[in-house]
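Shown below: structure.cif, with mmCIF, C-alpha atoms.
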```cif
data_input
loop_
_atom_site.label_atom_id
_atom_site.label_comp_id
_atom_site.auth_asym_id
_atom_site.auth_seq_id
_atom_site.Cartn_x
_atom_site.Cartn_y
_atom_site.Cartn_z
CA MET A 766 -96.09 -108.27 -6.08
CA SER A 767 -99.85 -108.26 -6.43
CA LEU A 768 -101.63 -105.72 -8.63
CA GLY A 769 -103.15 -104.12 -5.56
CA ALA A 770 -99.77 -103.75 -3.88
CA LEU A 771 -98.22 -102.35 -7.06
CA LEU A 772 -100.97 -99.75 -7.47
CA ALA A 773 -100.72 -98.80 -3.81
CA GLN A 774 -96.95 -98.35 -4.11
CA ALA A 775 -97.32 -96.32 -7.31
CA GLY A 776 -100.10 -94.21 -5.82
CA VAL A 777 -102.47 -95.11 -8.65
CA SER A 778 -106.12 -95.89 -7.99
CA ARG A 779 -107.72 -99.08 -9.34
CA THR A 780 -110.20 -96.93 -11.29
CA ALA A 781 -107.36 -95.07 -13.01
CA TYR A 782 -105.59 -98.34 -13.74
CA PHE A 783 -108.62 -100.06 -15.31
CA SER A 784 -109.44 -96.92 -17.27
CA LEU A 785 -105.92 -97.10 -18.72
CA ALA A 786 -106.09 -100.83 -19.31
CA ARG A 787 -109.28 -100.49 -21.39
CA LYS A 788 -107.66 -98.05 -23.87
CA ASP A 789 -106.42 -99.24 -27.27
CA ASN A 790 -103.56 -96.77 -27.15
CA ILE A 791 -102.31 -94.98 -24.06
CA LEU A 792 -100.41 -92.27 -25.92
CA PRO A 793 -102.23 -88.92 -26.11
CA LYS A 794 -103.99 -88.30 -29.40
CA SER A 795 -102.13 -85.01 -29.88
CA LEU A 796 -98.79 -86.83 -29.57
CA ARG A 797 -99.86 -89.41 -32.14
CA SER A 798 -100.98 -86.61 -34.47
CA ILE A 799 -97.61 -84.83 -34.16
CA ALA A 800 -95.77 -88.09 -34.77
CA HIS A 801 -97.97 -88.76 -37.81
CA ALA A 802 -97.24 -85.27 -39.19
CA LEU A 803 -93.51 -85.89 -38.70
CA GLY A 804 -93.78 -89.26 -40.38
CA ALA A 805 -92.36 -90.89 -37.27
CA PRO A 806 -93.76 -93.58 -35.00
CA ALA A 807 -95.23 -92.18 -31.79
CA SER A 808 -92.99 -94.56 -29.88
CA ALA A 809 -90.01 -92.42 -30.99
CA PHE A 810 -90.94 -89.94 -28.29
CA LEU A 811 -90.85 -92.68 -25.70
CA LEU A 812 -87.54 -94.07 -26.97
CA GLU A 813 -85.94 -90.66 -26.63
CA GLU A 814 -87.11 -90.50 -23.05
CA ALA A 815 -85.83 -94.01 -22.45
CA GLU A 816 -82.39 -92.97 -23.71
CA VAL A 817 -82.39 -90.05 -21.26
CA VAL A 818 -83.27 -92.46 -18.47
CA ARG A 819 -80.52 -94.87 -19.54
CA GLY A 820 -78.02 -92.00 -19.57
CA ALA A 821 -79.09 -90.96 -16.09
CA VAL A 822 -78.73 -94.51 -14.81
CA ARG A 823 -75.25 -94.83 -16.35
CA LEU A 824 -74.26 -91.53 -14.73
CA ALA A 825 -75.61 -92.60 -11.35
CA GLU A 826 -73.77 -95.92 -11.54
CA ARG A 827 -70.50 -94.22 -12.49
CA ALA A 828 -70.96 -91.66 -9.69
CA GLU A 829 -71.61 -94.44 -7.21
CA ALA A 830 -68.49 -96.35 -8.27
CA ILE A 831 -66.25 -93.29 -7.95
CA ALA A 832 -67.81 -92.23 -4.66
CA ARG A 833 -67.22 -95.71 -3.19
CA ARG A 834 -63.65 -95.95 -4.46
CA HIS A 835 -62.71 -92.54 -3.05
CA ARG A 836 -65.01 -92.70 -0.02
CA ILE A 837 -66.76 -89.51 -1.05
CA ALA A 838 -69.71 -88.88 1.21
CA ASP A 839 -71.49 -86.31 -0.93
CA ARG A 840 -72.68 -88.10 -4.07
CA ASP A 841 -73.94 -84.79 -5.48
CA ASN A 842 -70.38 -83.49 -5.81
CA VAL A 843 -69.49 -86.54 -7.89
CA ARG A 844 -72.62 -86.50 -10.03
CA HIS A 845 -72.44 -82.76 -10.75
CA THR A 846 -68.76 -82.99 -11.67
CA LEU A 847 -69.53 -85.85 -14.07
CA ILE A 848 -72.30 -83.80 -15.65
CA LEU A 849 -70.04 -80.77 -16.04
CA LEU A 850 -67.27 -82.88 -17.58
CA GLN A 851 -69.67 -83.67 -20.43
CA LYS A 852 -69.88 -79.96 -21.24
CA LYS A 853 -67.45 -77.55 -22.88
CA PRO A 854 -65.21 -75.52 -20.51
CA ILE A 855 -66.90 -72.25 -21.47
CA GLU A 856 -70.31 -73.73 -20.57
CA ARG A 857 -68.92 -74.95 -17.24
CA LEU A 858 -67.62 -71.46 -16.47
CA GLU A 859 -70.91 -69.86 -17.40
CA ARG A 860 -72.80 -72.22 -15.13
CA GLY A 861 -70.41 -71.36 -12.32
CA LEU A 862 -70.89 -67.64 -12.57
CA LEU A 863 -73.39 -66.42 -10.01
CA ARG A 864 -75.11 -64.19 -12.52
CA ALA A 865 -75.99 -67.32 -14.49
CA GLN A 866 -77.74 -69.11 -11.70
CA ALA A 867 -81.20 -67.63 -12.22
CA LEU A 868 -81.10 -68.47 -15.92
CA HIS A 869 -79.98 -72.05 -15.39
CA THR A 870 -82.46 -72.63 -12.58
CA TYR A 871 -85.32 -72.14 -15.00
CA ARG A 872 -83.83 -73.95 -18.01
CA MET B 1449 -81.44 -72.73 -31.57
CA PRO B 1450 -78.20 -70.89 -30.70
CA ARG B 1451 -77.09 -71.18 -27.09
CA ARG B 1452 -77.49 -68.02 -25.03
CA SER B 1453 -74.14 -66.94 -23.67
CA ILE B 1454 -73.78 -65.67 -20.12
CA LEU B 1455 -70.48 -64.00 -20.90
CA THR B 1456 -70.80 -60.91 -23.05
CA ASP B 1457 -68.85 -60.59 -26.31
CA LYS B 1458 -66.70 -57.88 -24.76
CA GLU B 1459 -65.85 -60.01 -21.74
CA THR B 1460 -64.76 -62.85 -23.99
CA ALA B 1461 -62.93 -60.32 -26.18
CA PHE B 1462 -60.92 -59.07 -23.20
CA LEU B 1463 -59.54 -62.56 -22.56
CA ARG B 1464 -58.95 -63.10 -26.28
CA GLU B 1465 -57.05 -59.79 -26.56
CA LEU B 1466 -54.85 -60.71 -23.60
CA VAL B 1467 -53.96 -63.94 -25.38
CA ARG B 1468 -53.48 -62.18 -28.72
CA ASN B 1469 -51.13 -59.66 -27.07
CA ARG B 1470 -49.16 -62.54 -25.53
CA VAL B 1471 -49.74 -61.35 -21.98
CA PRO B 1472 -48.65 -64.08 -19.55
CA PHE B 1473 -51.61 -64.61 -17.22
CA LEU B 1474 -53.48 -67.39 -15.49
CA ILE B 1475 -57.13 -67.80 -14.65
CA VAL B 1476 -57.15 -68.80 -10.99
CA GLY B 1477 -59.63 -69.29 -8.15
CA LEU B 1478 -63.09 -70.75 -8.42
CA SER B 1479 -63.61 -69.65 -12.02
CA ALA B 1480 -60.57 -71.79 -12.91
CA ALA B 1481 -62.10 -74.62 -10.92
CA THR B 1482 -65.39 -74.36 -12.83
CA LEU B 1483 -63.53 -74.47 -16.16
CA GLN B 1484 -62.15 -77.85 -15.10
CA GLY B 1485 -65.54 -79.22 -14.05
CA ALA B 1486 -65.92 -78.42 -10.36
CA PRO B 1487 -69.56 -77.65 -9.49
CA VAL B 1488 -68.98 -74.42 -7.59
CA VAL B 1489 -70.24 -70.89 -8.06
CA THR B 1490 -68.37 -67.61 -8.11
CA GLN B 1491 -69.09 -64.00 -8.87
CA ASP B 1492 -65.89 -63.09 -10.67
CA ILE B 1493 -63.05 -64.33 -12.84
CA ASP B 1494 -59.72 -63.99 -11.07
CA LEU B 1495 -56.69 -63.19 -13.23
CA TRP B 1496 -53.10 -63.57 -12.07
CA PHE B 1497 -50.65 -61.64 -14.25
CA LYS B 1498 -46.91 -62.19 -14.41
CA ASN B 1499 -46.31 -58.47 -14.75
CA LEU B 1500 -49.00 -55.85 -14.34
CA ARG B 1501 -46.89 -53.37 -16.31
CA ASN B 1502 -47.11 -55.50 -19.44
CA PRO B 1503 -48.35 -53.06 -22.14
CA GLY B 1504 -50.53 -55.83 -23.58
CA ILE B 1505 -52.89 -55.49 -20.62
CA ALA B 1506 -53.61 -51.84 -21.41
CA LYS B 1507 -54.03 -52.71 -25.10
CA ALA B 1508 -56.53 -55.44 -24.31
CA LEU B 1509 -58.41 -53.13 -21.95
CA ARG B 1510 -58.62 -50.37 -24.56
CA LYS B 1511 -60.23 -52.80 -27.00
CA VAL B 1512 -63.14 -53.32 -24.62
CA ASP B 1513 -63.34 -49.78 -23.18
CA GLY B 1514 -61.83 -50.78 -19.87
CA ILE B 1515 -59.14 -49.11 -17.82
CA TYR B 1516 -56.49 -50.21 -15.38
CA VAL B 1517 -56.71 -48.70 -11.89
CA PRO B 1518 -53.44 -48.98 -9.96
CA SER B 1519 -53.30 -49.90 -6.28
CA ILE B 1520 -54.66 -47.13 -4.07
CA GLY B 1521 -53.90 -47.37 -0.35
CA LEU B 1522 -54.79 -50.87 0.78
CA ASN B 1523 -56.91 -51.51 -2.30
CA PRO B 1524 -55.32 -53.84 -4.82
CA PRO B 1525 -55.08 -52.80 -8.47
CA MET B 1526 -58.18 -53.43 -10.49
CA VAL B 1527 -59.72 -53.16 -13.92
CA ALA B 1528 -62.66 -50.83 -14.31
CA GLY B 1529 -65.43 -50.40 -16.85
CA GLU B 1530 -68.70 -52.15 -17.57
CA ASN B 1531 -67.10 -54.71 -19.87
CA VAL B 1532 -64.44 -55.85 -17.43
CA GLU B 1533 -66.13 -55.55 -14.06
CA LEU B 1534 -66.42 -59.35 -13.98
CA PHE B 1535 -62.62 -59.64 -13.73
CA ASP B 1536 -60.51 -59.29 -10.59
CA ILE B 1537 -56.76 -58.96 -10.44
CA VAL B 1538 -55.02 -61.30 -8.02
CA MET B 1539 -51.68 -60.11 -6.71
CA ASN B 1540 -50.42 -63.27 -5.05
CA MET B 1541 -51.63 -66.79 -4.48
CA ASP B 1542 -51.31 -68.19 -0.95
CA GLY B 1543 -49.35 -71.41 -0.63
CA LEU B 1544 -48.15 -71.47 -4.23
CA GLN B 1545 -44.81 -70.91 -5.93
CA SER B 1546 -43.83 -68.03 -8.22
CA PHE B 1547 -45.96 -67.12 -11.22
CA ASP B 1548 -43.40 -68.68 -13.56
CA LYS B 1549 -43.38 -71.99 -11.69
CA GLU B 1550 -47.17 -72.15 -11.57
CA PHE B 1551 -47.41 -71.10 -15.22
CA GLU B 1552 -45.21 -74.05 -16.19
CA ARG B 1553 -47.59 -76.52 -14.60
CA SER B 1554 -50.76 -74.72 -15.70
CA ILE B 1555 -53.16 -76.34 -18.13
CA GLU B 1556 -54.56 -75.02 -21.38
CA VAL B 1557 -58.32 -74.75 -21.71
CA SER B 1558 -60.22 -73.91 -24.87
CA LEU B 1559 -62.74 -71.09 -24.74
CA GLY B 1560 -63.90 -71.69 -28.30
CA ARG B 1561 -61.69 -69.80 -30.73
CA PHE B 1562 -58.81 -69.30 -28.34
CA LYS B 1563 -57.16 -70.97 -25.39
CA VAL B 1564 -56.31 -69.69 -21.93
CA ARG B 1565 -53.93 -70.99 -19.28
CA VAL B 1566 -55.63 -72.11 -16.09
CA LEU B 1567 -54.30 -73.01 -12.64
CA PRO B 1568 -54.82 -76.78 -12.18
CA LEU B 1569 -57.43 -77.88 -9.65
CA ASP B 1570 -54.90 -79.45 -7.27
CA ARG B 1571 -53.06 -76.10 -7.08
CA ILE B 1572 -56.31 -74.23 -6.50
CA ILE B 1573 -56.98 -76.57 -3.58
CA LYS B 1574 -53.48 -76.01 -2.21
CA SER B 1575 -53.94 -72.26 -2.42
CA LYS B 1576 -57.32 -72.34 -0.70
CA GLN B 1577 -55.95 -74.56 2.05
CA ALA B 1578 -53.14 -72.07 2.62
CA ALA B 1579 -55.46 -69.05 2.55
CA GLY B 1580 -57.76 -70.75 5.06
CA ARG B 1581 -60.48 -68.10 4.93
CA PRO B 1582 -63.95 -69.30 5.94
CA LYS B 1583 -65.18 -68.95 2.35
CA ASP B 1584 -62.23 -71.05 1.15
CA ARG B 1585 -62.90 -73.79 3.70
CA LEU B 1586 -66.53 -73.95 2.55
CA THR B 1587 -65.58 -74.93 -0.98
CA LEU B 1588 -62.66 -77.25 -0.22
CA ARG B 1589 -64.75 -80.39 0.18
CA VAL B 1590 -66.41 -79.90 -3.22
CA LEU B 1591 -63.08 -79.12 -4.90
CA LYS B 1592 -61.42 -82.22 -3.44
CA ASP B 1593 -64.33 -84.45 -4.45
CA SER B 1594 -64.26 -83.00 -7.96
CA LEU B 1595 -60.52 -83.55 -8.27
CA ALA B 1596 -61.02 -87.23 -7.46
CA VAL B 1597 -63.72 -87.51 -10.14
CA ILE B 1598 -61.69 -85.62 -12.76
CA ARG B 1599 -58.66 -87.85 -12.15
CA GLU B 1600 -60.82 -90.97 -12.41
CA GLU B 1601 -62.37 -89.81 -15.67
CA SER B 1602 -59.01 -88.81 -17.07
CA LYS B 1603 -57.59 -92.24 -16.18
CA MET B 1604 -60.55 -93.94 -17.84
CA THR B 1605 -60.14 -91.83 -20.99
CA ARG B 1606 -56.43 -92.71 -21.21
CA GLN B 1607 -57.24 -96.38 -20.83
CA GLY B 1608 -59.81 -96.05 -23.63
#
```
For the file at hand, write its structure as C-alpha cells.
Amino acid sequence: MSLGALLAQAGVSRTAYFSLARKDNILPKSLRSIAHALGAPASAFLLEEAEVVRGAVRLAERAEAIARRHRIADRDNVRHTLILLQKKPIERLERGLLRAQALHTYR
Amino acid sequence: MPRRSILTDKETAFLRELVRNRVPFLIVGLSAATLQGAPVVTQDIDLWFKNLRNPGIAKALRKVDGIYVPSIGLNPPMVAGENVELFDIVMNMDGLQSFDKEFERSIEVSLGRFKVRVLPLDRIIKSKQAAGRPKDRLTLRVLKDSLAVIREESKMTRQG
C-alpha cells in the first residue's frame, strides 16, 4: 500500500502526517512529564493500551469461534456473555438490573 | 477506589438473612440468568420459596424493615417496604418440576460473603419457553446463545 493510499484510508492529511513525522517524540509533553514524575517510561502508557487491545482481540477471536461452532447469528450475545463471565456474579446481577443501566452507560 | 454497589446494603442483607435463617428459596427468572452471565436486563429479583409460611422469611424481612403481604384477590403475595421492593415472589414456575426437584438441580452462586441457590440457565429457558409470554420470547434467543457460551467456557475450564 502506498503512503498516499494509507493516509487516505486512515483519513489523515499529508500535512498532518509530515508534521508528525518531523517530531522527535510523538507522545504529548504532559504524558512524558507524568511518566517522568512516576519514574516510569512514557511507553508504559502505550503498553497498557496495547494489552487492552490484545485482550479485546482474544475475546473477539474466542467469540467468533464459539459463534461459528454453535451457529449463533448474534455475535453480541456471545461477546457480552464472555465479558460477563469474567466478572463476579454480584457484578453481573448489578449490571442486569435496569436501575443500573444509566450508571453503567456512563462508566 | 471502592466499587459502587447498585444493590443497597439492606437488599443484600435480606438475601443474607434468608440464607442465615435456612429458608429454602431459589433466585429464578432473568436475575438468575444475569448471575450466570447472560447479558439481559431486568427490573426485579424473583424469589421462589419452598414454603411461604416459613418463619425465617418474616425474620429476614424484619431485619430490613420489610413486611410480607399475603395474596389479596388475584394479586400474588408480595414483600413490601423500601428495602425489599426490588424483590418479587414467584408462586410457580411454568414448565418446571416441584420446588424440591428444581432445588436439587439448582446451582450455588457466591454473592460475596454468602451463597445463594439459583435456578440453572437451562431451566430458566425451559420455564420461559413454557410460559410463552411475548416478553419471555424476546429474551429466549439471548438466553440460548448465552447457555452455549457458558457451556463452552465451562468445558474449556475443565479441560484446563
Selection under test: the PyMOL selection byres ((chain B) within 7 of (chain A)); residues as an mmCIF file with C-alpha atoms, in the frame of the given file:
```cif
data_model
loop_
_atom_site.group_PDB
_atom_site.id
_atom_site.type_symbol
_atom_site.label_atom_id
_atom_site.label_comp_id
_atom_site.auth_asym_id
_atom_site.auth_seq_id
_atom_site.Cartn_x
_atom_site.Cartn_y
_atom_site.Cartn_z
ATOM 1 C CA ILE B 1454 -73.780 -65.670 -20.120
ATOM 2 C CA LEU B 1455 -70.480 -64.000 -20.900
ATOM 3 C CA SER B 1479 -63.610 -69.650 -12.020
ATOM 4 C CA THR B 1482 -65.390 -74.360 -12.830
ATOM 5 C CA LEU B 1483 -63.530 -74.470 -16.160
ATOM 6 C CA GLN B 1484 -62.150 -77.850 -15.100
ATOM 7 C CA GLY B 1485 -65.540 -79.220 -14.050
ATOM 8 C CA ALA B 1486 -65.920 -78.420 -10.360
ATOM 9 C CA PRO B 1487 -69.560 -77.650 -9.490
ATOM 10 C CA VAL B 1488 -68.980 -74.420 -7.590
ATOM 11 C CA VAL B 1489 -70.240 -70.890 -8.060
ATOM 12 C CA THR B 1490 -68.370 -67.610 -8.110
ATOM 13 C CA GLN B 1491 -69.090 -64.000 -8.870
ATOM 14 C CA SER B 1558 -60.220 -73.910 -24.870
ATOM 15 C CA LEU B 1559 -62.740 -71.090 -24.740
ATOM 16 C CA VAL B 1590 -66.410 -79.900 -3.220
ATOM 17 C CA ASP B 1593 -64.330 -84.450 -4.450
ATOM 18 C CA SER B 1594 -64.260 -83.000 -7.960
ATOM 19 C CA VAL B 1597 -63.720 -87.510 -10.140
#
```
Who sits within 9 Å of stretch 1575-1585 of chain B, only C-alpha atoms, same chain under 5 positions skipped, as an NGL selection string: :B and (1477 or 1541-1544 or 1570)
What is the distance, in Å and to one decimal place, between atom CA of B:Asp1494 and atom CA of B:Val1476?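 Here the two named atoms are 5.5 Å from each other.
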Neighbourhood query: residues within 6 Å of (-52.6, -74.2, -11.4), file coordinates, counting only C-alpha atoms; return as a PyMOL selection string. chain B and resi 1550+1554+1566-1568+1571
Store the residues picked out above, limited to C-alpha atoms, as a JSON list (two decimals), in the coordinates of the input.
```json
[["chain", "number", "residue", "atom", "x", "y", "z"],
["B", 1550, "GLU", "CA", -47.17, -72.15, -11.57],
["B", 1554, "SER", "CA", -50.76, -74.72, -15.70],
["B", 1566, "VAL", "CA", -55.63, -72.11, -16.09],
["B", 1567, "LEU", "CA", -54.30, -73.01, -12.64],
["B", 1568, "PRO", "CA", -54.82, -76.78, -12.18],
["B", 1571, "ARG", "CA", -53.06, -76.10, -7.08]]
```
Grab the atom CA of A:Phe783 to atom CA of A:Leu768 distance for me, in Å with one decimal place.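 Those two atoms sit 11.2 Å apart.
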Report as a short mmCIF file (atom, residue, chain, number, x, y, z; two decimals) with C-alpha atoms, in the coordinates of the input the full result of the PyMOL selection byres ((chain B and resi 1501-1508) around 12) when it is applied to this structure.
```
data_model
loop_
_atom_site.label_atom_id
_atom_site.label_comp_id
_atom_site.auth_asym_id
_atom_site.auth_seq_id
_atom_site.Cartn_x
_atom_site.Cartn_y
_atom_site.Cartn_z
CA LYS B 1458 -66.70 -57.88 -24.76
CA GLU B 1459 -65.85 -60.01 -21.74
CA THR B 1460 -64.76 -62.85 -23.99
CA ALA B 1461 -62.93 -60.32 -26.18
CA PHE B 1462 -60.92 -59.07 -23.20
CA LEU B 1463 -59.54 -62.56 -22.56
CA ARG B 1464 -58.95 -63.10 -26.28
CA GLU B 1465 -57.05 -59.79 -26.56
CA LEU B 1466 -54.85 -60.71 -23.60
CA VAL B 1467 -53.96 -63.94 -25.38
CA ARG B 1468 -53.48 -62.18 -28.72
CA ASN B 1469 -51.13 -59.66 -27.07
CA ARG B 1470 -49.16 -62.54 -25.53
CA VAL B 1471 -49.74 -61.35 -21.98
CA PRO B 1472 -48.65 -64.08 -19.55
CA PHE B 1473 -51.61 -64.61 -17.22
CA LEU B 1495 -56.69 -63.19 -13.23
CA TRP B 1496 -53.10 -63.57 -12.07
CA PHE B 1497 -50.65 -61.64 -14.25
CA LYS B 1498 -46.91 -62.19 -14.41
CA ASN B 1499 -46.31 -58.47 -14.75
CA LEU B 1500 -49.00 -55.85 -14.34
CA LEU B 1509 -58.41 -53.13 -21.95
CA ARG B 1510 -58.62 -50.37 -24.56
CA LYS B 1511 -60.23 -52.80 -27.00
CA VAL B 1512 -63.14 -53.32 -24.62
CA ASP B 1513 -63.34 -49.78 -23.18
CA GLY B 1514 -61.83 -50.78 -19.87
CA ILE B 1515 -59.14 -49.11 -17.82
CA TYR B 1516 -56.49 -50.21 -15.38
CA VAL B 1517 -56.71 -48.70 -11.89
CA PRO B 1518 -53.44 -48.98 -9.96
CA PRO B 1525 -55.08 -52.80 -8.47
CA MET B 1526 -58.18 -53.43 -10.49
CA VAL B 1527 -59.72 -53.16 -13.92
CA ALA B 1528 -62.66 -50.83 -14.31
CA ASN B 1531 -67.10 -54.71 -19.87
CA VAL B 1532 -64.44 -55.85 -17.43
CA ILE B 1537 -56.76 -58.96 -10.44
#
```
Could you tell me how far atom CA of A:Leu771 lies from atom CA of A:Lys788, in Å and to one decimal? 19.8 Å
Taking all atoms of stretch 1484-1491 of chain B that appear in the file, build a box with edges along x, y and z, extend it by 8 Å on every side, and state its centre and edge lengths in Å to one decimal, as JSON.
```
{"center_x": -66.2, "center_y": -71.6, "center_z": -11.3, "size_x": 24.1, "size_y": 31.2, "size_z": 23.5}
```
Export stretch 823-870 of chain A, C-alpha atoms, as a tab-separated table (two decimals), in the first residue's frame; it's the structure right above.
```tsv
chain	number	residue	atom	x	y	z
A	823	ARG	CA	-8.53	-12.52	22.16
A	824	LEU	CA	-12.14	-12.01	23.24
A	825	ALA	CA	-13.29	-11.36	19.68
A	826	GLU	CA	-11.49	-14.47	18.42
A	827	ARG	CA	-13.00	-16.63	21.17
A	828	ALA	CA	-16.46	-15.18	20.48
A	829	GLU	CA	-16.07	-15.88	16.78
A	830	ALA	CA	-15.02	-19.49	17.41
A	831	ILE	CA	-17.98	-20.17	19.70
A	832	ALA	CA	-20.44	-18.40	17.41
A	833	ARG	CA	-19.27	-20.49	14.44
A	834	ARG	CA	-19.35	-23.77	16.35
A	835	HIS	CA	-22.89	-23.16	17.64
A	836	ARG	CA	-24.11	-21.25	14.58
A	837	ILE	CA	-25.02	-18.24	16.70
A	838	ALA	CA	-26.06	-15.38	14.48
A	839	ASP	CA	-25.80	-12.60	17.03
A	840	ARG	CA	-22.11	-12.22	17.91
A	841	ASP	CA	-23.00	-9.60	20.53
A	842	ASN	CA	-24.75	-12.22	22.66
A	843	VAL	CA	-21.57	-14.30	22.67
A	844	ARG	CA	-19.20	-11.41	23.29
A	845	HIS	CA	-21.28	-9.90	26.10
A	846	THR	CA	-21.63	-13.29	27.80
A	847	LEU	CA	-17.86	-13.79	27.62
A	848	ILE	CA	-17.32	-10.35	29.14
A	849	LEU	CA	-19.79	-11.05	31.95
A	850	LEU	CA	-18.18	-14.41	32.70
A	851	GLN	CA	-15.00	-12.53	33.59
A	852	LYS	CA	-16.89	-10.69	36.33
A	853	LYS	CA	-18.15	-11.76	39.74
A	854	PRO	CA	-21.79	-12.95	39.90
A	855	ILE	CA	-22.83	-9.97	42.03
A	856	GLU	CA	-21.39	-7.58	39.40
A	857	ARG	CA	-23.24	-9.46	36.66
A	858	LEU	CA	-26.50	-9.12	38.58
A	859	GLU	CA	-25.94	-5.44	39.18
A	860	ARG	CA	-25.31	-4.84	35.51
A	861	GLY	CA	-28.51	-6.68	34.69
A	862	LEU	CA	-30.69	-4.61	36.95
A	863	LEU	CA	-32.47	-1.90	35.00
A	864	ARG	CA	-31.75	0.69	37.64
A	865	ALA	CA	-28.04	0.16	36.95
A	866	GLN	CA	-28.18	0.87	33.27
A	867	ALA	CA	-27.76	4.64	33.46
A	868	LEU	CA	-24.74	4.29	35.72
A	869	HIS	CA	-23.03	1.70	33.54
A	870	THR	CA	-23.77	3.59	30.34
```
